file final13.txt (compact mmCIF, C-alpha atoms and all ligand atoms)
# COMPACT_ATOMS: atom_id res chain seq x y z
CA MET A 1 23.89 -24.10 -6.20
CA PHE A 2 20.82 -26.22 -6.68
CA THR A 3 17.25 -25.10 -6.27
CA ASN A 4 14.97 -27.28 -4.15
CA THR A 5 13.31 -28.63 -7.27
CA GLN A 6 16.70 -29.55 -8.70
CA ILE A 7 17.70 -31.36 -5.50
CA GLU A 8 14.49 -33.33 -5.76
CA ARG A 9 14.88 -34.01 -9.46
CA TYR A 10 18.50 -35.08 -9.32
CA ALA A 11 18.41 -36.78 -5.88
CA ARG A 12 19.34 -40.21 -7.25
CA HIS A 13 22.42 -38.72 -8.90
CA ILE A 14 23.37 -36.54 -5.97
CA ILE A 15 23.40 -39.49 -3.58
CA LEU A 16 25.24 -41.70 -6.09
CA GLU A 17 28.93 -42.05 -5.41
CA GLY A 18 30.73 -41.22 -8.65
CA VAL A 19 28.27 -38.49 -9.58
CA GLY A 20 27.27 -36.56 -6.44
CA GLY A 21 26.42 -32.88 -6.23
CA LYS A 22 29.66 -31.96 -7.94
CA GLY A 23 28.99 -34.28 -10.86
CA GLN A 24 25.44 -33.02 -11.18
CA GLU A 25 26.77 -29.48 -11.38
CA LYS A 26 29.12 -30.53 -14.15
CA LEU A 27 26.18 -32.01 -16.04
CA LEU A 28 24.12 -28.86 -15.61
CA LYS A 29 26.99 -26.77 -16.96
CA ALA A 30 27.70 -29.10 -19.86
CA ARG A 31 26.97 -28.21 -23.47
CA VAL A 32 26.44 -31.19 -25.73
CA LEU A 33 25.70 -31.17 -29.45
CA VAL A 34 23.49 -34.03 -30.63
CA ILE A 35 23.72 -34.38 -34.40
CA GLY A 36 20.73 -36.23 -35.81
CA ALA A 37 17.37 -36.34 -34.05
CA GLY A 38 16.44 -39.80 -35.29
CA GLY A 39 16.82 -43.34 -34.02
CA LEU A 40 20.08 -42.71 -32.19
CA GLY A 41 19.39 -39.09 -31.35
CA SER A 42 16.12 -39.97 -29.60
CA PRO A 43 17.49 -41.96 -26.64
CA ILE A 44 20.57 -39.74 -26.56
CA ALA A 45 18.63 -36.50 -26.20
CA LEU A 46 16.04 -37.97 -23.83
CA TYR A 47 18.60 -39.46 -21.43
CA LEU A 48 20.89 -36.45 -21.51
CA ALA A 49 17.87 -34.26 -20.75
CA ALA A 50 16.70 -36.52 -17.95
CA SER A 51 20.23 -36.55 -16.52
CA GLY A 52 20.26 -32.78 -16.42
CA VAL A 53 22.73 -31.89 -19.14
CA GLY A 54 22.26 -28.12 -19.13
CA THR A 55 22.48 -27.26 -22.82
CA LEU A 56 21.57 -29.53 -25.69
CA GLY A 57 22.17 -28.49 -29.25
CA ILE A 58 20.06 -30.56 -31.63
CA VAL A 59 20.81 -30.68 -35.34
CA ASP A 60 18.40 -32.13 -37.91
CA PHE A 61 16.96 -30.79 -41.14
CA ASP A 62 14.22 -33.37 -41.50
CA VAL A 63 10.56 -33.48 -40.52
CA VAL A 64 8.97 -36.32 -38.55
CA ASP A 65 7.58 -39.02 -40.80
CA MET A 66 5.19 -41.80 -39.78
CA SER A 67 7.82 -44.38 -40.75
CA ASN A 68 10.23 -42.88 -38.18
CA LEU A 69 8.04 -43.77 -35.21
CA GLN A 70 9.00 -47.46 -35.27
CA ARG A 71 12.29 -46.43 -33.59
CA GLN A 72 12.55 -42.69 -33.07
CA ILE A 73 10.98 -42.63 -29.64
CA MET A 74 11.46 -38.92 -29.08
CA HIS A 75 8.84 -38.18 -31.72
CA SER A 76 5.20 -39.14 -31.70
CA THR A 77 2.15 -39.58 -33.84
CA ALA A 78 1.15 -36.07 -32.88
CA THR A 79 4.39 -34.57 -34.23
CA VAL A 80 4.33 -36.20 -37.67
CA GLY A 81 4.94 -33.54 -40.29
CA ILE A 82 6.71 -31.04 -38.05
CA PRO A 83 10.47 -30.42 -38.01
CA LYS A 84 12.32 -33.02 -35.93
CA VAL A 85 14.14 -30.34 -33.96
CA ASP A 86 10.81 -28.88 -32.82
CA SER A 87 9.44 -32.29 -31.91
CA ALA A 88 12.71 -33.05 -30.09
CA GLU A 89 12.60 -29.81 -28.17
CA ALA A 90 9.08 -30.53 -26.98
CA ALA A 91 10.07 -34.04 -25.84
CA VAL A 92 13.17 -32.79 -24.03
CA LYS A 93 11.30 -29.95 -22.32
CA ALA A 94 8.56 -32.33 -21.25
CA ILE A 95 11.12 -34.45 -19.42
CA ASN A 96 13.19 -31.62 -18.05
CA PRO A 97 12.40 -27.93 -18.45
CA ASP A 98 15.86 -27.10 -16.96
CA VAL A 99 17.52 -27.99 -20.23
CA SER A 100 18.10 -25.24 -22.76
CA VAL A 101 17.64 -26.54 -26.24
CA ILE A 102 19.34 -24.90 -29.20
CA LYS A 103 17.85 -26.00 -32.49
CA TYR A 104 19.66 -26.22 -35.82
CA ASN A 105 17.02 -26.96 -38.42
CA PHE A 106 19.30 -27.27 -41.41
CA LYS A 107 21.82 -29.54 -42.97
CA LEU A 108 25.38 -29.50 -41.70
CA SER A 109 27.97 -28.64 -44.30
CA SER A 110 31.62 -27.72 -44.49
CA GLU A 111 30.43 -24.10 -44.37
CA ASN A 112 28.59 -24.15 -41.07
CA ILE A 113 29.75 -27.07 -38.93
CA LEU A 114 32.87 -25.54 -37.33
CA ASP A 115 30.92 -22.50 -36.30
CA ILE A 116 28.29 -24.67 -34.60
CA ILE A 117 30.50 -27.14 -32.78
CA LYS A 118 32.83 -24.52 -31.37
CA ASP A 119 30.24 -23.69 -28.70
CA TYR A 120 30.01 -27.25 -27.37
CA ASP A 121 32.07 -29.40 -25.00
CA LEU A 122 31.20 -32.60 -26.76
CA VAL A 123 29.70 -33.82 -30.02
CA ILE A 124 27.50 -36.90 -30.41
CA ASP A 125 27.15 -38.35 -33.87
CA GLY A 126 23.73 -39.91 -34.38
CA THR A 127 23.54 -39.31 -38.11
CA ASP A 128 22.70 -41.78 -40.84
CA SER A 129 25.03 -41.17 -43.74
CA PHE A 130 28.70 -41.42 -44.58
CA PRO A 131 29.01 -37.82 -45.79
CA ALA A 132 27.69 -36.53 -42.45
CA ARG A 133 29.88 -38.89 -40.45
CA TYR A 134 33.11 -37.94 -42.26
CA LEU A 135 32.21 -34.26 -42.05
CA ILE A 136 31.58 -34.52 -38.30
CA ASN A 137 34.74 -36.57 -37.78
CA ASP A 138 36.96 -34.11 -39.59
CA ALA A 139 35.34 -31.10 -37.93
CA CYS A 140 35.82 -32.68 -34.49
CA VAL A 141 39.48 -33.48 -35.19
CA LEU A 142 40.13 -29.97 -36.53
CA SER A 143 38.43 -28.36 -33.50
CA GLY A 144 39.73 -30.79 -30.90
CA LYS A 145 36.29 -32.01 -29.78
CA LYS A 146 35.54 -35.54 -28.72
CA ASN A 147 33.02 -37.30 -30.94
CA VAL A 148 30.80 -39.92 -29.34
CA TYR A 149 30.10 -42.17 -32.30
CA GLY A 150 27.34 -44.70 -32.79
CA SER A 151 26.22 -46.40 -35.94
CA ILE A 152 23.73 -49.11 -36.84
CA PHE A 153 22.90 -51.44 -39.69
CA LYS A 154 19.89 -53.77 -39.62
CA PHE A 155 20.56 -55.78 -36.42
CA GLU A 156 24.13 -54.68 -35.68
CA GLY A 157 25.65 -51.62 -34.12
CA GLN A 158 28.99 -50.01 -33.38
CA ALA A 159 29.94 -47.42 -30.79
CA THR A 160 33.12 -45.67 -29.72
CA VAL A 161 34.56 -42.30 -28.77
CA PHE A 162 36.58 -40.71 -31.57
CA SER A 163 39.03 -37.85 -31.75
CA SER A 164 40.14 -37.64 -28.17
CA PRO A 165 43.80 -36.58 -27.97
CA ASP A 166 44.97 -40.10 -27.17
CA GLY A 167 42.60 -42.06 -29.40
CA PRO A 168 41.80 -42.66 -33.05
CA CYS A 169 39.32 -40.95 -35.31
CA LEU A 170 36.96 -42.42 -37.89
CA ARG A 171 39.56 -42.01 -40.63
CA CYS A 172 42.15 -43.91 -38.58
CA LEU A 173 39.81 -46.88 -39.00
CA TYR A 174 38.41 -46.15 -42.43
CA PRO A 175 40.44 -43.49 -44.27
CA GLU A 176 37.68 -42.86 -46.78
CA PRO A 177 33.95 -43.45 -47.06
CA PRO A 178 32.96 -46.28 -49.39
CA PRO A 179 32.41 -45.17 -52.97
CA PRO A 180 28.72 -44.60 -53.80
CA GLY A 181 28.69 -47.60 -56.18
CA MET A 182 29.41 -49.93 -53.26
CA VAL A 183 26.28 -49.02 -51.37
CA PRO A 184 22.57 -49.60 -51.93
CA SER A 185 19.91 -46.99 -51.52
CA CYS A 186 18.70 -46.34 -47.99
CA GLN A 187 15.27 -47.82 -48.58
CA GLU A 188 16.62 -51.33 -49.15
CA ALA A 189 18.05 -51.70 -45.68
CA GLY A 190 15.47 -51.39 -42.94
CA VAL A 191 16.46 -51.38 -39.29
CA PHE A 192 15.47 -53.30 -36.18
CA GLY A 193 13.46 -50.74 -34.21
CA VAL A 194 15.00 -51.34 -30.78
CA LEU A 195 18.58 -51.36 -32.09
CA PRO A 196 19.20 -47.59 -32.06
CA GLY A 197 17.84 -47.57 -28.52
CA PHE A 198 20.69 -49.75 -27.35
CA ILE A 199 23.44 -47.97 -29.28
CA GLY A 200 22.04 -44.52 -28.45
CA VAL A 201 22.01 -45.32 -24.75
CA VAL A 202 25.66 -46.42 -24.99
CA GLN A 203 26.45 -43.06 -26.63
CA ALA A 204 24.55 -41.16 -23.93
CA THR A 205 26.39 -43.17 -21.25
CA GLU A 206 29.79 -42.37 -22.73
CA ALA A 207 28.90 -38.69 -23.09
CA ILE A 208 27.87 -38.48 -19.45
CA LYS A 209 31.02 -40.33 -18.32
CA LEU A 210 33.17 -37.91 -20.31
CA ILE A 211 31.41 -34.93 -18.74
CA LEU A 212 31.82 -36.39 -15.26
CA GLY A 213 35.36 -37.60 -15.95
CA THR A 214 34.46 -40.91 -14.43
CA GLY A 215 35.05 -44.54 -15.39
CA LYS A 216 36.91 -45.90 -18.35
CA PRO A 217 35.79 -44.25 -21.56
CA LEU A 218 35.19 -46.15 -24.78
CA ILE A 219 38.37 -44.72 -26.30
CA GLY A 220 40.70 -46.96 -28.29
CA ARG A 221 38.02 -49.62 -28.26
CA MET A 222 35.05 -50.14 -30.48
CA MET A 223 32.00 -51.84 -29.08
CA LEU A 224 30.23 -54.18 -31.48
CA TYR A 225 26.68 -55.20 -30.77
CA ASP A 226 24.71 -57.94 -32.44
CA ALA A 227 21.07 -57.91 -31.42
CA LEU A 228 20.25 -61.30 -32.94
CA ARG A 229 23.04 -63.07 -31.08
CA MET A 230 22.54 -60.75 -28.11
CA GLU A 231 26.27 -60.34 -27.99
CA VAL A 232 28.52 -57.44 -27.16
CA ARG A 233 32.16 -57.61 -28.20
CA GLU A 234 34.94 -55.09 -28.51
CA VAL A 235 37.95 -54.67 -30.74
CA LYS A 236 41.02 -52.50 -30.17
CA ILE A 237 41.20 -49.48 -32.39
CA ARG A 238 44.33 -47.36 -32.71
CA LYS A 239 45.39 -43.95 -33.82
CA ASP A 240 46.95 -44.39 -37.25
CA PRO A 241 50.09 -42.25 -37.74
CA GLU A 242 49.18 -42.29 -41.44
CA CYS A 243 45.63 -41.05 -40.80
CA PRO A 244 44.69 -38.48 -43.44
CA VAL A 245 43.19 -36.12 -40.86
CA CYS A 246 44.70 -36.77 -37.41
CA GLY A 247 47.97 -38.40 -38.49
CA GLU A 248 51.47 -36.97 -38.62
CA HIS A 249 51.16 -35.63 -42.16
CA PRO A 250 47.49 -34.82 -42.63
CA THR A 251 46.21 -34.47 -46.18
CA VAL A 252 42.68 -33.55 -45.12
CA THR A 253 43.21 -30.03 -43.85
CA HIS A 254 39.85 -28.57 -44.75
CA LEU A 255 36.35 -30.00 -44.67
CA ILE A 256 34.88 -32.04 -47.49
CA ASP A 257 31.22 -32.31 -48.50
CA TYR A 258 30.86 -35.81 -49.89
CA GLU A 259 27.98 -36.76 -52.15
CA GLU A 260 24.95 -38.13 -50.36
CA PHE A 261 24.54 -41.90 -50.21
CA CYS A 262 23.89 -44.34 -47.44
CA GLY A 263 24.34 -47.86 -46.09
CA ILE A 264 26.64 -50.55 -47.37
CA ARG A 265 25.76 -53.75 -49.14
CA MET B 266 43.45 -75.22 -39.12
CA ALA B 267 39.87 -74.26 -38.40
CA ILE B 268 39.47 -70.55 -38.00
CA THR B 269 36.20 -68.89 -37.15
CA VAL B 270 35.24 -66.00 -39.42
CA ARG B 271 32.63 -63.53 -38.22
CA ILE B 272 30.60 -62.23 -41.12
CA PRO B 273 29.06 -58.75 -40.83
CA THR B 274 25.45 -58.19 -41.85
CA PRO B 275 26.27 -56.50 -45.17
CA LEU B 276 28.23 -59.57 -46.35
CA ARG B 277 25.88 -62.30 -45.18
CA LYS B 278 24.22 -62.61 -48.54
CA TYR B 279 27.39 -64.42 -49.65
CA THR B 280 27.21 -66.91 -46.76
CA SER B 281 23.50 -67.76 -47.12
CA GLY B 282 22.78 -65.60 -44.11
CA LYS B 283 25.29 -67.24 -41.78
CA ASP B 284 26.87 -64.83 -39.29
CA GLU B 285 29.82 -67.10 -38.64
CA VAL B 286 31.65 -69.55 -40.91
CA SER B 287 34.73 -71.72 -40.66
CA ALA B 288 37.70 -71.26 -42.98
CA GLU B 289 41.29 -72.35 -43.31
CA GLY B 290 44.65 -70.74 -43.93
CA LYS B 291 48.07 -70.28 -42.39
CA THR B 292 47.92 -66.57 -43.14
CA LEU B 293 45.11 -64.09 -43.53
CA LYS B 294 45.69 -64.07 -47.28
CA GLU B 295 45.21 -67.84 -47.48
CA LEU B 296 42.16 -67.61 -45.30
CA LEU B 297 40.53 -64.99 -47.53
CA GLN B 298 41.27 -67.14 -50.59
CA ASP B 299 39.66 -70.11 -48.89
CA LEU B 300 36.68 -67.95 -47.96
CA GLU B 301 36.23 -66.83 -51.58
CA LYS B 302 36.45 -70.46 -52.74
CA ASN B 303 33.49 -71.43 -50.56
CA TYR B 304 31.53 -68.19 -50.65
CA SER B 305 32.00 -66.87 -54.14
CA GLY B 306 31.85 -63.08 -54.42
CA ILE B 307 32.77 -62.27 -50.85
CA GLY B 308 36.45 -61.74 -51.71
CA ALA B 309 35.76 -58.77 -53.95
CA ARG B 310 33.81 -57.09 -51.17
CA ILE B 311 36.81 -57.31 -48.87
CA MET B 312 39.73 -56.84 -51.25
CA ASP B 313 40.26 -54.55 -54.21
CA GLU B 314 41.50 -55.51 -57.69
CA LYS B 315 45.10 -55.45 -56.48
CA GLY B 316 44.27 -57.81 -53.64
CA ALA B 317 44.67 -55.20 -50.88
CA ILE B 318 42.09 -54.92 -48.10
CA ARG B 319 39.56 -52.25 -49.03
CA ARG B 320 39.87 -48.97 -47.15
CA PHE B 321 36.35 -49.11 -45.76
CA VAL B 322 36.73 -52.65 -44.42
CA ASN B 323 38.79 -53.62 -41.40
CA ILE B 324 39.82 -57.11 -40.43
CA TYR B 325 40.54 -58.08 -36.87
CA LEU B 326 42.45 -61.10 -35.63
CA ASN B 327 40.73 -61.74 -32.33
CA ASP B 328 40.53 -58.13 -31.07
CA GLU B 329 43.52 -56.70 -32.98
CA ASP B 330 43.39 -54.84 -36.28
CA VAL B 331 45.54 -56.77 -38.78
CA ARG B 332 46.89 -53.49 -40.15
CA PHE B 333 48.84 -53.25 -36.91
CA LYS B 334 50.03 -56.84 -37.29
CA SER B 335 51.29 -58.04 -40.67
CA ASN B 336 48.19 -57.24 -42.73
CA LEU B 337 47.50 -60.03 -45.23
CA GLU B 338 50.63 -61.87 -44.10
CA THR B 339 49.40 -62.08 -40.51
CA PRO B 340 49.90 -65.68 -39.38
CA LEU B 341 46.83 -67.50 -38.08
CA LYS B 342 46.49 -70.46 -35.78
CA ASP B 343 43.83 -72.96 -34.91
CA GLY B 344 41.10 -71.46 -32.79
CA ASP B 345 41.63 -67.86 -33.90
CA THR B 346 38.67 -65.68 -34.73
CA ILE B 347 38.73 -63.32 -37.69
CA SER B 348 36.17 -60.51 -37.73
CA ILE B 349 35.39 -58.52 -40.84
CA ILE B 350 34.11 -55.11 -39.86
CA PRO B 351 32.98 -52.64 -42.53
CA ALA B 352 32.14 -49.01 -41.93
CA ILE B 353 28.40 -48.65 -41.41
CA ALA B 354 26.59 -45.36 -41.56
CA GLY B 355 23.04 -45.87 -40.43
CA GLY B 356 21.37 -44.12 -37.57
CA ALA B 357 17.96 -43.71 -39.02
CA PRO B 358 18.02 -45.25 -42.47
CA ALA B 359 15.06 -46.18 -44.68
CA LYS B 360 14.35 -42.52 -44.98
CA LYS B 361 12.39 -41.23 -47.88
CA THR B 362 13.17 -37.93 -49.42
CA ASN B 363 10.40 -36.00 -47.79
CA MET B 364 8.60 -33.81 -50.28
CA ILE B 365 6.38 -31.30 -48.59
CA LYS B 366 4.05 -28.47 -49.38
CA LYS B 367 3.95 -25.72 -46.84
CA LYS B 368 1.72 -22.68 -46.87
CA VAL B 369 3.07 -19.66 -45.05
CA TYR B 370 2.43 -15.96 -44.68
CA LEU B 371 5.43 -13.78 -45.22
CA THR B 372 5.33 -10.38 -43.59
CA TYR B 373 8.04 -7.86 -44.28
CA GLN B 374 8.97 -4.23 -44.28
CA LYS B 375 9.72 -3.11 -47.80
CA ARG B 376 12.49 -0.75 -46.84
CA LEU B 377 14.48 -3.58 -45.26
CA LEU B 378 14.66 -5.49 -48.51
CA ASN B 379 16.82 -4.09 -51.26
CA LYS B 380 15.95 -6.76 -53.83
CA PRO B 381 12.73 -8.53 -54.81
CA PHE B 382 13.28 -11.30 -52.27
CA ILE B 383 10.86 -13.88 -53.63
CA TRP B 384 12.58 -13.70 -56.98
CA GLU B 385 15.94 -14.06 -55.23
CA ALA B 386 14.64 -16.99 -53.16
CA SER B 387 13.40 -18.86 -56.21
CA ARG B 388 16.84 -18.59 -57.79
CA LYS B 389 18.68 -19.65 -54.63
CA PHE B 390 16.55 -22.61 -53.51
CA ASP B 391 15.15 -25.66 -55.20
CA VAL B 392 11.64 -24.86 -54.02
CA VAL B 393 8.56 -24.05 -56.05
CA ILE B 394 7.08 -20.82 -54.71
CA ASN B 395 3.41 -20.29 -55.58
CA ILE B 396 2.18 -16.88 -54.66
CA GLY B 397 -1.38 -16.77 -53.38
CA THR B 398 -2.57 -13.58 -51.78
CA ALA B 399 -0.43 -10.49 -51.67
CA SER B 400 -1.11 -7.11 -50.17
CA VAL B 401 1.13 -4.16 -49.65
CA SER B 402 0.19 -1.14 -47.60
CA GLY B 403 2.75 1.58 -47.14
CA ASP B 404 5.96 -0.06 -46.02
CA LEU B 405 4.35 -3.32 -44.92
CA GLY B 406 4.00 -6.29 -47.21
CA LEU B 407 2.06 -9.49 -46.64
CA VAL B 408 2.26 -12.41 -49.03
CA GLY B 409 0.67 -15.82 -48.73
CA VAL B 410 2.83 -18.41 -50.48
CA GLU B 411 2.90 -22.15 -50.95
CA LEU B 412 6.38 -23.67 -50.79
CA GLU B 413 6.86 -27.03 -52.42
CA GLY B 414 10.01 -29.11 -52.39
CA LYS B 415 12.21 -31.34 -50.29
CA ALA B 416 11.53 -30.79 -46.59
CA SER B 417 15.14 -29.83 -45.96
CA GLU B 418 15.20 -27.36 -48.80
CA VAL B 419 11.91 -25.77 -47.70
CA GLU B 420 13.30 -25.42 -44.18
CA SER B 421 16.53 -23.86 -45.48
CA LEU B 422 14.47 -21.39 -47.46
CA ILE B 423 12.42 -20.47 -44.39
CA THR B 424 15.63 -19.93 -42.42
CA TRP B 425 16.88 -17.69 -45.22
CA PHE B 426 13.63 -15.67 -45.19
CA LYS B 427 13.97 -15.18 -41.45
CA LYS B 428 17.60 -14.06 -41.82
CA LYS B 429 16.43 -11.43 -44.29
CA GLY B 430 14.06 -10.09 -41.67
CA VAL B 431 10.94 -11.58 -43.20
CA LYS B 432 8.45 -12.90 -40.66
CA VAL B 433 7.27 -16.41 -41.54
CA GLU B 434 4.00 -17.74 -40.18
CA PRO B 435 2.92 -21.24 -41.10
CA ILE B 436 -0.60 -21.76 -42.39
CA GLU B 437 -0.54 -25.47 -43.10
CA GLN B 438 1.78 -28.23 -44.20
CA THR B 439 1.23 -31.41 -46.20
CA VAL B 440 3.78 -34.19 -46.31
CA LEU B 441 3.92 -35.65 -49.82
CA GLU B 442 5.41 -39.03 -50.63
ZN ZN C 501 42.62 -40.29 -37.43

call {"tool": "encode", "arguments": {"input": "final13.txt", "output": "structure tokens"}}
result
Amino acid sequence: MFTNTQIERYARHIILEGVGGKGQEKLLKARVLVIGAGGLGSPIALYLAASGVGTLGIVDFDVVDMSNLQRQIMHSTATVGIPKVDSAEAAVKAINPDVSVIKYNFKLSSENILDIIKDYDLVIDGTDSFPARYLINDACVLSGKKNVYGSIFKFEGQATVFSSPDGPCLRCLYPEPPPPGMVPSCQEAGVFGVLPGFIGVVQATEAIKLILGTGKPLIGRMMLYDALRMEVREVKIRKDPECPVCGEHPTVTHLIDYEEFCGIR
Amino acid sequence: MAITVRIPTPLRKYTSGKDEVSAEGKTLKELLQDLEKNYSGIGARIMDEKGAIRRFVNIYLNDEDVRFKSNLETPLKDGDTISIIPAIAGGAPAKKTNMIKKKVYLTYQKRLLNKPFIWEASRKFDVVINIGTASVSGDLGLVGVELEGKASEVESLITWFKKKGVKVEPIEQTVLE
């Protein structure tokens, strides 16, 4: 049952057909793991908190840097130098003290990830490197958790929902991460500050739809966004029977820690 | 046989920044050859030495993945759109490796620690531990230390201290370049 404050806070959801009191209860009971408290993680965590998602796990091992503030709207000038999970917790609590925040201030690895994600209904990937993305993908497939995926590069973004029983995973699309020699260092790239806002909000939207069980999820489709053309397209993506992790004869049966590298030329 | 080819950001340096170019070919293979002819270097980004499409690049004919059609033999017709879509990783790129210095007080009960824990910490983590003040009275120890290293490594070390039952109180932190 809702408290009076909750009825007031969530009134616009409760009166909305398609969410309603029942939907709001589902949100309050939901446990969502947001991996990465950066450009994508910021709008994701803020909107999930505002929407009343009851438990938010936030994973990030980094501290807030001045150069993050151009896009990571959950952090602020006042939180530069402090761990991102602490800054994130403060931002989330400021919006909605109902939300319990569980902080993971360390790097995910093959050793710890399964143990963390097992407690969540849903995983959202807002990370910034191939090793993290493949680790999260494989862990989600092995534990049967849906992975709300979003990724950005300069002015372009991609979003989809991976590893649902009827849909593909990251390795169905790209069986392996690009070799380190094919990618430049992170510093060369740069990113359009508003871009992660758009993609992150798409991820938050899909997460909320999955929790509510409403609408048509972004499964089997990948949304492609081009900020310069202001164009949204989608392509069909399919489960690959030959997929090394979710296919019929998986070869990836335990988690892999790839070497750190980022971006693609 | 004009076919539109959508060029992803990472490959636009081969097309002088153009996000869309026109190319020709009755099959995808022919189209990629034509593309390489006009935009030298792009072919090697899409195909490996054996001429197969690279595993971290996908090619779509309109909205269908060509792997589920006939791959490089997929027939093309006038007006089709080919999209080249590589895996991208970014979420918050342009990140520096944050080097930090953090001063903390460590408080601990000697009987709870079976090994000299600072010595153990310095072997386990890639962090420089400078010991400042230290005082031990009875079972209670208090050490002021400065931890210097990558932010992530310093944080992992602090987590490890806490797991050992050592209380960690921050004094100050400096973010280095
Ligand atoms: Zn798969």

call {"tool": "closest_residue", "arguments": {"input": "final13.txt", "among": "B:Asn303, B:Ser387, B:Gln374, B:Thr346", "to": "chain A", "atoms": "all atoms listed in the file"}}
result
B:Thr346

call {"tool": "closest_atom_pairs", "arguments": {"input": "final13.txt", "of": "chain A", "to": "ligand ZN 501 (chain C)", "cutoff": "6 Å", "atoms": "all atoms listed in the file", "output": "JSON lines"}}
result
{"residue": "A:Pro168", "atom": "CA", "partner": "C:ZN501", "partner_atom": "ZN", "distance": 5.0}
{"residue": "A:Cys169", "atom": "CA", "partner": "C:ZN501", "partner_atom": "ZN", "distance": 4.0}
{"residue": "A:Arg171", "atom": "CA", "partner": "C:ZN501", "partner_atom": "ZN", "distance": 4.7}
{"residue": "A:Cys172", "atom": "CA", "partner": "C:ZN501", "partner_atom": "ZN", "distance": 3.8}
{"residue": "A:Lys239", "atom": "CA", "partner": "C:ZN501", "partner_atom": "ZN", "distance": 5.8}
{"residue": "A:Asp240", "atom": "CA", "partner": "C:ZN501", "partner_atom": "ZN", "distance": 6.0}
{"residue": "A:Cys243", "atom": "CA", "partner": "C:ZN501", "partner_atom": "ZN", "distance": 4.6}
{"residue": "A:Val245", "atom": "CA", "partner": "C:ZN501", "partner_atom": "ZN", "distance": 5.4}
{"residue": "A:Cys246", "atom": "CA", "partner": "C:ZN501", "partner_atom": "ZN", "distance": 4.1}
{"residue": "A:Gly247", "atom": "CA", "partner": "C:ZN501", "partner_atom": "ZN", "distance": 5.8}

call {"tool": "atom_distance", "arguments": {"input": "final13.txt", "atom1": "atom CA of B:Gly316", "atom2": "atom CA of A:Arg221"}}
result
27.4 Å

call {"tool": "atom_distance", "arguments": {"input": "final13.txt", "atom1": "atom CA of A:Tyr134", "atom2": "atom CA of A:Asp60"}}
result
16.4 Å

call {"tool": "closest_residue", "arguments": {"input": "final13.txt", "among": "B:Val401, B:Ile423, B:Leu276, B:Ala317", "to": "chain A", "atoms": "all atoms listed in the file"}}
result
B:Leu276

call {"tool": "residues_near_point", "arguments": {"input": "final13.txt", "point": "(19.0, -26.1, -20.7)", "cutoff": "7 Å", "atoms": "all atoms listed in the file", "output": "ChimeraX atom specification"}}
result
/A:54-56,98-101

call {"tool": "write_last_selection", "arguments": {"input": "final13.txt", "atoms": "C-alpha atoms", "output": "JSON list (two decimals), in the frame of the given file"}}
result
[["chain", "number", "residue", "atom", "x", "y", "z"],
["A", 54, "GLY", "CA", 22.26, -28.12, -19.13],
["A", 55, "THR", "CA", 22.48, -27.26, -22.82],
["A", 56, "LEU", "CA", 21.57, -29.53, -25.69],
["A", 98, "ASP", "CA", 15.86, -27.10, -16.96],
["A", 99, "VAL", "CA", 17.52, -27.99, -20.23],
["A", 100, "SER", "CA", 18.10, -25.24, -22.76],
["A", 101, "VAL", "CA", 17.64, -26.54, -26.24]]

call {"tool": "atom_distance", "arguments": {"input": "final13.txt", "atom1": "atom CA of B:Leu326", "atom2": "atom CA of A:Gly215"}}
result
27.2 Å

call {"tool": "closest_residue", "arguments": {"input": "final13.txt", "among": "B:Lys334, B:Lys367, B:Arg310, B:Arg376", "to": "B:Ser417", "atoms": "all atoms listed in the file"}}
result
B:Lys367

call {"tool": "closest_residue", "arguments": {"input": "final13.txt", "among": "A:Ala37, A:Val123, A:Leu210, A:Met74", "to": "chain B", "atoms": "only C-alpha atoms"}}
result
A:Ala37

call {"tool": "residues_near_point", "arguments": {"input": "final13.txt", "point": "(26.7, -55.2, -34.0)", "cutoff": "6 Å", "atoms": "only C-alpha atoms", "output": "MDAnalysis selection string"}}
result
chainID A and resid 156:158 224:226

call {"tool": "closest_residue", "arguments": {"input": "final13.txt", "among": "A:Leu69, A:Leu33, A:Val252, A:Leu114", "to": "chain B", "atoms": "all atoms listed in the file"}}
result
A:Leu69

call {"tool": "residues_around", "arguments": {"input": "final13.txt", "residues": "A:Gly38", "least_positions_apart": "2", "cutoff": "10 Å", "atoms": "all atoms listed in the file", "output": "NGL selection string"}}
result
(:A and (35-36 or 40-45 or 60 or 62 or 64 or 68-69 or 71-75 or 84-85 or 88 or 126-128 or 196)) or (:B and (356-358))
